[in-house]
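Engineer: File name target-v2.txt; file contents compact mmCIF, C-alpha atoms; full text below.
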```txt
# COMPACT_ATOMS: atom_id res chain seq x y z
CA MET A 1 78.91 115.01 132.23
CA GLN A 2 79.94 112.20 134.59
CA ALA A 3 78.64 112.75 138.12
CA SER A 4 81.35 112.62 140.78
CA LYS A 5 82.00 113.97 144.24
CA SER A 6 84.11 117.07 144.76
CA ALA A 7 87.55 116.56 146.30
CA VAL A 8 90.39 118.72 147.61
CA LEU A 9 94.16 118.26 147.77
CA THR A 10 95.66 120.28 150.62
CA LEU A 11 99.44 120.76 150.75
CA GLU A 12 101.33 121.22 154.01
CA ASP A 13 101.96 124.90 153.17
CA GLY A 14 98.20 125.48 153.08
CA THR A 15 97.83 125.58 149.27
CA THR A 16 94.69 123.82 148.03
CA PHE A 17 93.70 122.33 144.66
CA ARG A 18 90.05 121.50 144.04
CA GLY A 19 88.74 118.82 141.72
CA ASN A 20 86.62 115.68 141.63
CA SER A 21 86.92 112.05 142.66
CA PHE A 22 87.06 109.11 140.24
CA GLY A 23 88.59 106.46 142.54
CA TYR A 24 87.95 105.32 146.09
CA GLU A 25 85.92 107.89 148.01
CA GLY A 26 87.93 108.31 151.18
CA PRO A 27 90.76 110.38 152.68
CA ALA A 28 94.45 109.81 151.96
CA ALA A 29 97.76 111.41 152.90
CA GLY A 30 101.37 111.15 151.79
CA GLU A 31 104.23 112.92 150.02
CA VAL A 32 103.03 114.68 146.85
CA VAL A 33 105.33 114.05 143.87
CA PHE A 34 104.97 114.39 140.11
CA ASN A 35 105.81 112.11 137.17
CA THR A 36 106.22 113.38 133.60
CA ALA A 37 105.71 110.02 131.83
CA MET A 38 103.01 109.86 129.15
CA THR A 39 102.07 106.20 129.71
CA GLY A 40 102.59 103.41 132.23
CA TYR A 41 100.17 104.20 135.05
CA PRO A 42 99.59 100.47 135.89
CA GLU A 43 103.34 100.00 136.32
CA SER A 44 103.76 103.23 138.27
CA LEU A 45 100.89 102.56 140.64
CA THR A 46 102.31 99.11 141.51
CA ASP A 47 105.94 100.27 141.76
CA PRO A 48 106.98 99.85 145.44
CA SER A 49 109.21 102.94 145.10
CA TYR A 50 105.97 105.00 145.20
CA GLU A 51 105.04 103.63 148.63
CA GLY A 52 103.49 106.38 150.73
CA GLN A 53 103.29 108.93 147.92
CA ILE A 54 100.50 110.82 146.19
CA LEU A 55 101.33 110.68 142.48
CA VAL A 56 100.62 113.65 140.21
CA THR A 57 100.76 112.91 136.47
CA THR A 58 101.78 115.80 134.24
CA PHE A 59 100.37 114.10 131.12
CA PRO A 60 96.83 115.52 131.03
CA GLN A 61 94.80 112.28 130.86
CA LEU A 62 94.59 108.98 132.71
CA GLY A 63 92.52 105.86 132.21
CA ASN A 64 92.16 105.85 128.42
CA TYR A 65 93.56 102.32 128.04
CA GLY A 66 92.15 100.79 131.21
CA VAL A 67 93.99 98.23 133.32
CA PRO A 68 95.40 94.82 132.24
CA PRO A 69 94.35 91.56 133.97
CA ALA A 70 95.57 90.83 137.47
CA ASP A 71 98.78 88.81 137.74
CA THR A 72 98.26 85.05 137.80
CA GLY A 73 101.20 84.26 140.08
CA ASP A 74 103.62 83.56 137.20
CA ILE A 75 105.94 86.53 137.51
CA MET A 76 107.12 86.20 133.90
CA GLN A 77 103.57 86.65 132.61
CA GLY A 78 102.58 89.52 134.88
CA HIS A 79 101.70 93.07 133.82
CA PHE A 80 102.47 94.87 137.07
CA GLU A 81 105.57 95.80 139.06
CA GLY A 82 104.23 94.68 142.44
CA THR A 83 101.43 92.68 144.00
CA ARG A 84 99.36 95.74 144.96
CA ILE A 85 99.01 99.49 144.41
CA HIS A 86 101.67 101.31 146.43
CA CYS A 87 100.70 104.95 145.76
CA ARG A 88 98.45 106.51 148.39
CA ALA A 89 96.50 108.30 145.62
CA ILE A 90 96.82 109.47 142.02
CA ILE A 91 95.95 112.87 140.54
CA THR A 92 95.34 113.90 136.93
CA GLN A 93 93.86 116.75 134.96
CA ASP A 94 91.36 114.62 133.05
CA TYR A 95 90.06 111.08 133.54
CA ALA A 96 88.78 108.97 130.62
CA PHE A 97 85.62 107.27 131.87
CA HIS A 98 85.50 105.13 128.72
CA HIS A 99 88.66 103.09 128.08
CA SER A 100 89.73 101.06 125.06
CA HIS A 101 92.54 98.51 124.81
CA TRP A 102 92.68 94.88 123.68
CA LEU A 103 94.33 93.84 126.97
CA ALA A 104 92.13 95.84 129.33
CA SER A 105 90.11 93.86 131.86
CA ARG A 106 88.60 96.79 133.81
CA SER A 107 88.75 100.54 134.20
CA LEU A 108 91.34 102.41 136.23
CA ALA A 109 88.54 103.73 138.45
CA ASP A 110 87.31 100.22 139.24
CA TRP A 111 90.85 99.09 140.08
CA LEU A 112 91.43 102.05 142.41
CA LYS A 113 88.13 101.45 144.17
CA SER A 114 88.92 97.75 144.68
CA GLU A 115 92.20 98.66 146.45
CA LYS A 116 90.75 101.71 148.27
CA ILE A 117 93.01 104.22 146.50
CA PRO A 118 91.62 107.72 145.82
CA GLY A 119 91.90 109.22 142.35
CA LEU A 120 91.35 112.92 141.59
CA TYR A 121 90.68 114.67 138.28
CA ASN A 122 89.73 118.20 137.22
CA ILE A 123 92.87 119.29 139.08
CA ASP A 124 95.11 121.97 137.52
CA THR A 125 98.11 119.64 137.42
CA ARG A 126 100.22 122.19 135.55
CA ALA A 127 99.86 124.68 138.39
CA LEU A 128 100.37 121.91 140.98
CA THR A 129 103.56 120.68 139.29
CA LYS A 130 104.96 124.20 139.01
CA HIS A 131 104.27 124.67 142.71
CA LEU A 132 106.14 121.44 143.58
CA ARG A 133 109.06 122.39 141.32
CA SER A 134 109.34 125.76 143.04
CA HIS A 135 108.89 124.61 146.63
CA GLY A 136 109.92 120.94 146.43
CA SER A 137 107.99 117.76 147.09
CA MET A 138 105.80 118.25 150.13
CA LEU A 139 103.25 116.48 152.25
CA GLY A 140 99.62 116.55 151.21
CA LYS A 141 96.24 115.12 152.10
CA ILE A 142 93.10 114.41 150.12
CA THR A 143 89.55 114.87 151.32
CA VAL A 144 86.51 113.74 149.35
CA GLU A 145 83.13 115.40 149.91
CA GLY A 146 81.37 113.78 152.88
CA CYS A 147 84.01 111.05 153.33
CA GLY A 148 86.00 112.04 156.39
CA GLU A 149 89.36 113.64 157.13
CA CYS A 150 92.91 112.47 157.84
CA ASP A 151 96.15 113.94 159.16
CA PHE A 152 99.28 114.63 157.13
CA TYR A 153 101.62 111.65 156.81
CA ASP A 154 105.38 111.74 156.14
CA PRO A 155 106.50 108.45 154.51
CA ASN A 156 110.17 109.46 154.77
CA ALA A 157 109.93 109.26 158.56
CA GLU A 158 109.54 105.47 158.57
CA ASN A 159 111.34 102.47 157.12
CA LEU A 160 109.47 101.95 153.85
CA ILE A 161 112.10 99.44 152.71
CA ALA A 162 111.09 97.06 155.49
CA LEU A 163 107.42 97.66 154.66
CA THR A 164 107.77 96.68 150.98
CA SER A 165 110.45 93.96 151.11
CA CYS A 166 109.59 90.25 150.93
CA ARG A 167 109.17 88.49 154.28
CA ARG A 168 111.12 85.29 153.52
CA PRO A 169 113.67 84.07 150.96
CA LEU A 170 112.39 82.87 147.58
CA VAL A 171 114.07 81.09 144.68
CA TYR A 172 113.37 81.73 141.01
CA GLU A 173 114.76 79.30 138.44
CA ALA A 174 115.43 80.40 134.88
CA ASP A 175 113.19 77.65 133.50
CA GLU A 176 110.59 77.78 136.28
CA ALA A 177 109.28 81.27 136.94
CA ASN A 178 107.13 80.42 139.93
CA PRO A 179 109.00 80.87 143.22
CA TYR A 180 109.25 78.38 146.04
CA VAL A 181 110.35 78.85 149.64
CA LEU A 182 114.01 78.22 150.44
CA GLU A 183 114.67 75.40 152.85
CA GLY A 184 117.94 73.98 154.15
CA SER A 185 120.22 72.80 151.36
CA GLU A 186 118.42 74.91 148.79
CA LEU A 187 120.57 77.79 150.01
CA ALA A 188 123.51 76.00 148.40
CA PRO A 189 124.71 76.99 144.91
CA SER A 190 122.86 75.61 141.90
CA THR A 191 123.77 72.11 140.74
CA ASN A 192 122.65 72.70 137.15
CA GLY A 193 125.48 75.07 136.26
CA ARG A 194 123.45 78.28 136.40
CA PRO A 195 125.08 81.15 138.32
CA THR A 196 123.30 81.96 141.58
CA VAL A 197 122.47 85.62 142.15
CA VAL A 198 121.40 86.91 145.55
CA LEU A 199 118.75 89.58 144.95
CA VAL A 200 118.30 91.87 147.96
CA ASP A 201 114.66 92.98 147.96
CA CYS A 202 114.42 96.59 149.15
CA GLY A 203 111.01 97.03 147.51
CA ILE A 204 111.68 95.39 144.17
CA LYS A 205 110.07 95.98 140.78
CA HIS A 206 109.14 92.62 139.28
CA ASN A 207 110.76 93.39 135.95
CA ILE A 208 114.19 93.23 137.60
CA ILE A 209 113.49 89.58 138.38
CA ARG A 210 112.29 88.99 134.82
CA CYS A 211 115.44 90.56 133.36
CA LEU A 212 117.69 88.35 135.49
CA LEU A 213 115.74 85.18 134.65
CA ARG A 214 115.86 85.90 130.92
CA ARG A 215 119.65 85.75 131.18
CA GLY A 216 119.61 82.21 132.51
CA LEU A 217 120.37 83.05 136.13
CA ARG A 218 119.17 81.36 139.30
CA VAL A 219 117.80 84.11 141.56
CA VAL A 220 117.69 83.88 145.35
CA ARG A 221 115.52 86.77 146.53
CA VAL A 222 116.04 87.72 150.17
CA PRO A 223 114.52 90.30 152.56
CA TRP A 224 116.24 93.65 152.95
CA ASN A 225 117.92 92.73 156.26
CA TYR A 226 118.75 89.07 155.48
CA ASP A 227 122.34 87.93 156.08
CA PHE A 228 123.10 86.60 152.60
CA ASN A 229 126.79 86.23 153.49
CA ALA A 230 125.88 83.03 155.37
CA PHE A 231 125.81 80.97 152.14
CA GLU A 232 127.62 80.82 148.79
CA TRP A 233 126.56 82.77 145.71
CA ASP A 234 128.09 83.97 142.45
CA GLY A 235 126.80 87.53 142.32
CA LEU A 236 124.90 90.11 144.36
CA PHE A 237 122.11 92.34 143.04
CA ILE A 238 120.54 95.14 145.12
CA SER A 239 117.06 96.27 144.09
CA ASN A 240 115.20 99.55 143.96
CA GLY A 241 113.00 100.60 146.85
CA PRO A 242 111.12 103.48 148.48
CA GLY A 243 112.02 106.14 151.00
CA ASN A 244 115.14 107.13 152.85
CA PRO A 245 118.23 104.88 152.41
CA ASP A 246 119.41 105.79 155.91
CA PHE A 247 116.94 103.25 157.32
CA ALA A 248 118.69 100.34 155.58
CA THR A 249 121.67 100.10 157.94
CA ALA A 250 121.46 96.29 158.06
CA THR A 251 121.54 96.09 154.26
CA VAL A 252 124.52 98.42 154.05
CA GLU A 253 126.45 96.35 156.58
CA ASN A 254 125.73 93.12 154.67
CA ILE A 255 126.82 94.73 151.40
CA ARG A 256 130.03 95.94 153.04
CA LYS A 257 130.80 92.37 154.17
CA ALA A 258 129.98 91.02 150.70
CA MET A 259 132.57 93.33 149.12
CA ASP A 260 135.30 91.28 150.80
CA ARG A 261 134.38 88.36 148.52
CA LYS A 262 135.23 90.53 145.48
CA LYS A 263 132.42 88.89 143.52
CA PRO A 264 130.22 90.89 141.08
CA ILE A 265 127.82 93.36 142.71
CA CYS A 266 125.20 95.46 140.92
CA GLY A 267 122.52 97.83 142.19
CA ILE A 268 119.55 99.73 140.78
CA CYS A 269 118.04 102.96 142.17
CA MET A 270 117.96 102.37 145.94
CA GLY A 271 120.64 99.76 145.22
CA ASN A 272 122.87 102.52 143.87
CA GLN A 273 122.44 104.52 147.07
CA LEU A 274 123.04 101.54 149.37
CA LEU A 275 126.13 100.42 147.45
CA ALA A 276 127.48 103.98 147.73
CA LYS A 277 126.78 104.05 151.47
CA ALA A 278 128.53 100.69 151.89
CA ALA A 279 131.53 102.19 150.07
CA GLY A 280 131.55 105.13 152.50
CA ALA A 281 129.69 107.83 150.54
CA ARG A 282 126.69 109.90 151.64
CA THR A 283 123.20 110.37 150.20
CA TYR A 284 120.83 113.34 150.32
CA LYS A 285 117.21 114.19 149.49
CA LEU A 286 116.52 115.86 146.16
CA LYS A 287 114.25 118.91 146.00
CA TYR A 288 111.56 117.17 143.96
CA GLY A 289 113.21 113.99 142.70
CA HIS A 290 113.37 112.35 139.28
CA ARG A 291 110.21 110.59 138.15
CA SER A 292 109.80 110.22 134.39
CA HIS A 293 110.58 108.20 131.26
CA ASN A 294 112.83 110.81 129.69
CA GLN A 295 115.79 111.54 131.98
CA PRO A 296 119.00 111.86 129.91
CA VAL A 297 122.08 110.28 131.48
CA ARG A 298 125.66 110.30 130.15
CA LEU A 299 128.19 107.53 130.57
CA VAL A 300 131.05 109.30 132.34
CA GLY A 301 134.19 109.67 130.22
CA THR A 302 132.26 109.33 126.95
CA GLU A 303 129.79 111.25 124.80
CA ARG A 304 127.26 108.39 125.00
CA CYS A 305 123.91 109.56 126.34
CA PHE A 306 120.88 107.39 127.12
CA VAL A 307 117.22 108.12 127.77
CA SER A 308 116.26 106.55 131.08
CA SER A 309 113.26 105.83 133.28
CA GLN A 310 113.60 107.05 136.87
CA ASN A 311 111.73 107.12 140.17
CA HIS A 312 113.71 108.33 143.16
CA GLY A 313 113.75 111.15 145.69
CA PHE A 314 117.26 110.63 147.11
CA ALA A 315 120.67 110.71 145.40
CA VAL A 316 124.33 109.87 146.00
CA ASP A 317 126.68 112.74 146.84
CA THR A 318 129.41 112.10 144.25
CA ALA A 319 131.90 114.32 146.11
CA THR A 320 131.88 111.88 149.04
CA LEU A 321 132.86 108.77 147.03
CA PRO A 322 136.15 107.24 148.25
CA GLY A 323 139.17 107.35 145.95
CA ASP A 324 138.76 103.78 144.69
CA TRP A 325 135.24 104.59 143.43
CA GLU A 326 134.07 106.83 140.60
CA PRO A 327 130.79 108.03 139.05
CA LEU A 328 129.51 105.83 136.22
CA PHE A 329 126.64 107.96 134.90
CA VAL A 330 125.65 111.60 135.38
CA ASN A 331 122.25 113.27 134.88
CA MET A 332 122.36 115.70 131.96
CA ASN A 333 119.58 117.88 133.39
CA ASP A 334 120.94 118.69 136.83
CA GLY A 335 124.35 117.02 137.06
CA THR A 336 123.35 114.63 139.86
CA ASN A 337 124.81 111.16 140.23
CA GLU A 338 123.22 108.39 138.14
CA GLY A 339 125.54 105.50 138.98
CA ILE A 340 128.87 104.47 140.48
CA ARG A 341 131.57 101.85 139.93
CA HIS A 342 134.68 100.56 141.65
CA ARG A 343 137.88 101.33 139.78
CA THR A 344 139.28 97.79 139.98
CA LEU A 345 136.64 95.41 141.38
CA PRO A 346 133.42 94.18 139.63
CA PHE A 347 131.07 96.50 141.55
CA PHE A 348 128.75 98.95 139.73
CA SER A 349 125.26 100.41 139.95
CA ALA A 350 122.75 102.70 138.23
CA GLN A 351 120.40 105.23 139.80
CA PHE A 352 117.96 104.91 136.89
CA HIS A 353 115.96 101.81 135.89
CA PRO A 354 117.59 99.77 133.08
CA GLU A 355 114.72 97.26 133.30
CA ALA A 356 112.39 100.24 132.70
CA SER A 357 108.90 98.85 132.86
CA SER A 358 107.21 100.78 131.46
CA GLY A 359 109.94 101.88 129.00
CA PRO A 360 112.35 103.00 127.68
CA ARG A 361 114.78 100.06 127.61
CA ASP A 362 117.86 101.81 126.20
CA THR A 363 120.03 100.71 129.12
CA GLU A 364 118.97 97.08 129.63
CA PHE A 365 122.46 96.13 128.43
CA LEU A 366 123.58 96.67 132.04
CA PHE A 367 121.97 93.32 132.88
CA ASP A 368 124.07 91.73 130.13
CA GLU A 369 127.22 93.28 131.60
CA PHE A 370 126.38 91.97 135.07
CA SER A 371 125.56 88.52 133.71
CA ALA A 372 128.84 88.40 131.77
CA LEU A 373 130.78 88.99 135.00
CA LEU A 374 129.30 85.80 136.51
CA LYS A 375 130.60 83.43 133.84
```
Now, as a test, write the supplied structure out as structure tokens.
Structural biologist:
Amino acid sequence: MQASKSAVLTLEDGTTFRGNSFGYEGPAAGEVVFNTAMTGYPESLTDPSYEGQILVTTFPQLGNYGVPPADTGDIMQGHFEGTRIHCRAIITQDYAFHHSHWLASRSLADWLKSEKIPGLYNIDTRALTKHLRSHGSMLGKITVEGCGECDFYDPNAENLIALTSCRRPLVYEADEANPYVLEGSELAPSTNGRPTVVLVDCGIKHNIIRCLLRRGLRVVRVPWNYDFNAFEWDGLFISNGPGNPDFATATVENIRKAMDRKKPICGICMGNQLLAKAAGARTYKLKYGHRSHNQPVRLVGTERCFVSSQNHGFAVDTATLPGDWEPLFVNMNDGTNEGIRHRTLPFFSAQFHPEASSGPRDTEFLFDEFSALLK
């Protein structure tokens, strides 16, 4: 039996779950949410949409295939969705102390310890997930035996988009994956014939950038509150991101101005919510959110259904969409909005992740549709 310190998860309603530590031995606090995916913990841990959250995995084991090598700086060759772990902690029923995978460079435990992220196992994650489904996502805090205490922390009370967005504009060329800093005339459209896409970084997953580059596009990545209407571009793409969309008022205003150009606009996850807000619709917080690899969504007006990867706690209120907008996808489990589109202009978005890293990739064709609008 592996020796490890005892640890406790305490929820804001006073419920406690006792287990053991396998990661960093220190306190942590955040919003406790669950994910039903069977694989993909390196991608989930580095997904900026999990900023400020304690992640509970319903699949009963973590760590069996270790962790791939750290990114080298070439975004096209990377294995992660961000430059660091964004979860405050991760919780599982069982942890595999011996991993095996041809790509693994270290154990999950070693990775968590290096970034000071607690990991708990021997937790009854079935009971914990049922509790969250009944009462909704709630705040929680972790204490490890002899390692101090901390207060509850509500990530939805601060602007997580600003916390996870890039700090300055970057350019990615289709044949040169490494970014360089924009200066002066580099804000101008591409001279090599490639369409220029402004990518608003609200806490972006790296695979969105990869998917755009694979389609031969020049990507200008800008911070969440950057005035991208000050220069010319061919299309606008709004990324995913963490937390409450109500904090992104500057982004919404810039999107609203961009609509006057009537050029193609696409959004993913948070991008769906911000595009809807720019159109005049409202958003609201879901009881426990959608976080999984197996959310079924239907293309509105058809019988076509897709399996999608999702990670969001807020949703668009379809009933508040203006008359010139309509829902594009709907969730087959609970009927919530999964995308919107303008009835006449080239504006559309998806609440799920068509870039889906890690999987599935059933809906990556949405990148093809956006790219086709630029040519």
Engineer: Please list as a list in words every residue within 8 Å of Asp124 in chain A, counting all atoms listed in the file and excluding residues in the same chain fewer than 4 positions away.
Structural biologist: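 Counting all atoms listed in the file, the residues come to Phe17, Gln93 and Leu128 of chain A.
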Engineer: Any chance you could export the current selection's C-alpha atoms as a PDB file, in the frame of the given file?
Structural biologist:
```pdb
ATOM      1  CA  PHE A  17      93.700 122.330 144.660  1.00  0.00           C
ATOM      2  CA  GLN A  93      93.860 116.750 134.960  1.00  0.00           C
ATOM      3  CA  LEU A 128     100.370 121.910 140.980  1.00  0.00           C
TER       4      LEU A 128
END
```
Engineer: Could you check which of A:Lys262, A:Met138, A:Asp227, A:Thr143 is closest to Ala250 in chain A, using only C-alpha atoms?
Structural biologist: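 Answer, going by the shortest atom-to-atom distance: A:Asp227.
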Engineer: Suppose you want the space between CA of Arg343 in chain A and CA of Tyr284 in chain A; what is it in Å?
Structural biologist: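 For CA of Arg343 in chain A relative to CA of Tyr284 in chain A, the distance reads 23.4 Å.
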Engineer: Within 10 Å of range 268-271 of chain A, counting only C-alpha atoms, which residues show up once you throw out same-chain ones fewer than 4 positions away? Write them as a PyMOL selection string, please.
Structural biologist: chain A and resi 49+161+200-204+208+237-245+248+251-252+275-277+310-316+338-339+348-355
Engineer: Find the residue from A:Thr83, A:Gln53, A:Ser114, A:Gln295 that sits nearest to Asn156 in chain A; use all atoms listed in the file when measuring.
Structural biologist: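 Smallest separation from Asn156 in chain A among the options: A:Gln53.
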Engineer: Find, counting only C-alpha atoms, the residue in A:Ala157, A:Ala258, A:Val197, A:Leu103 that gets nearest to Arg215 in chain A.
Structural biologist: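 Selected residue with least distance to Arg215 in chain A: A:Val197.
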Engineer: Neighbouring residues of Gly23 in chain A were defined as those with any atom within 10 Å, considering all atoms listed in the file; residues of the same chain fewer than 4 positions away were excluded. Please report them as a list in words.
Structural biologist: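 Selected residues are Ser4, Ala89, Ile90, Ile91, Leu108, Ala109, Asp110, Trp111, Leu112, Lys113, Ser114, Glu115, Lys116, Ile117, Pro118, Gly119, Leu120 and Tyr121 of chain A.
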Engineer: Do you know which residues are at most 7 Å from Gly140 in chain A counting all atoms listed in the file, after dropping those on the same chain fewer than 5 positions away, and could you put them as a short mmCIF file (atom, residue, chain, number, x, y, z; two decimals) with C-alpha atoms, in the frame of the given file?
Structural biologist:
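Once everything was written out, this is selection_2.cif:
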```
data_model
loop_
_atom_site.label_atom_id
_atom_site.label_comp_id
_atom_site.auth_asym_id
_atom_site.auth_seq_id
_atom_site.Cartn_x
_atom_site.Cartn_y
_atom_site.Cartn_z
CA LEU A 9 94.16 118.26 147.77
CA THR A 10 95.66 120.28 150.62
CA LEU A 11 99.44 120.76 150.75
CA GLU A 12 101.33 121.22 154.01
CA ALA A 29 97.76 111.41 152.90
CA GLY A 30 101.37 111.15 151.79
CA GLU A 31 104.23 112.92 150.02
CA VAL A 32 103.03 114.68 146.85
CA PHE A 152 99.28 114.63 157.13
#
```
Engineer: Please, what distance in Å, to one decimal, runs between CA of Phe347 in chain A and CA of Gly267 in chain A?
Structural biologist: 8.7 Å
Engineer: When you count all atoms listed in the file, which of these residues is closest to Asp154 in chain A: A:Gly82, A:Leu199, A:Ser107, A:Arg88?
Structural biologist: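 Under the stated criterion, the closest residue is A:Arg88.
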Engineer: Using all atoms listed in the file, can you tell me which of A:Arg282, A:Lys263, A:Lys141, A:Arg304 comes closest to Ala319 in chain A?
Structural biologist: A:Arg282
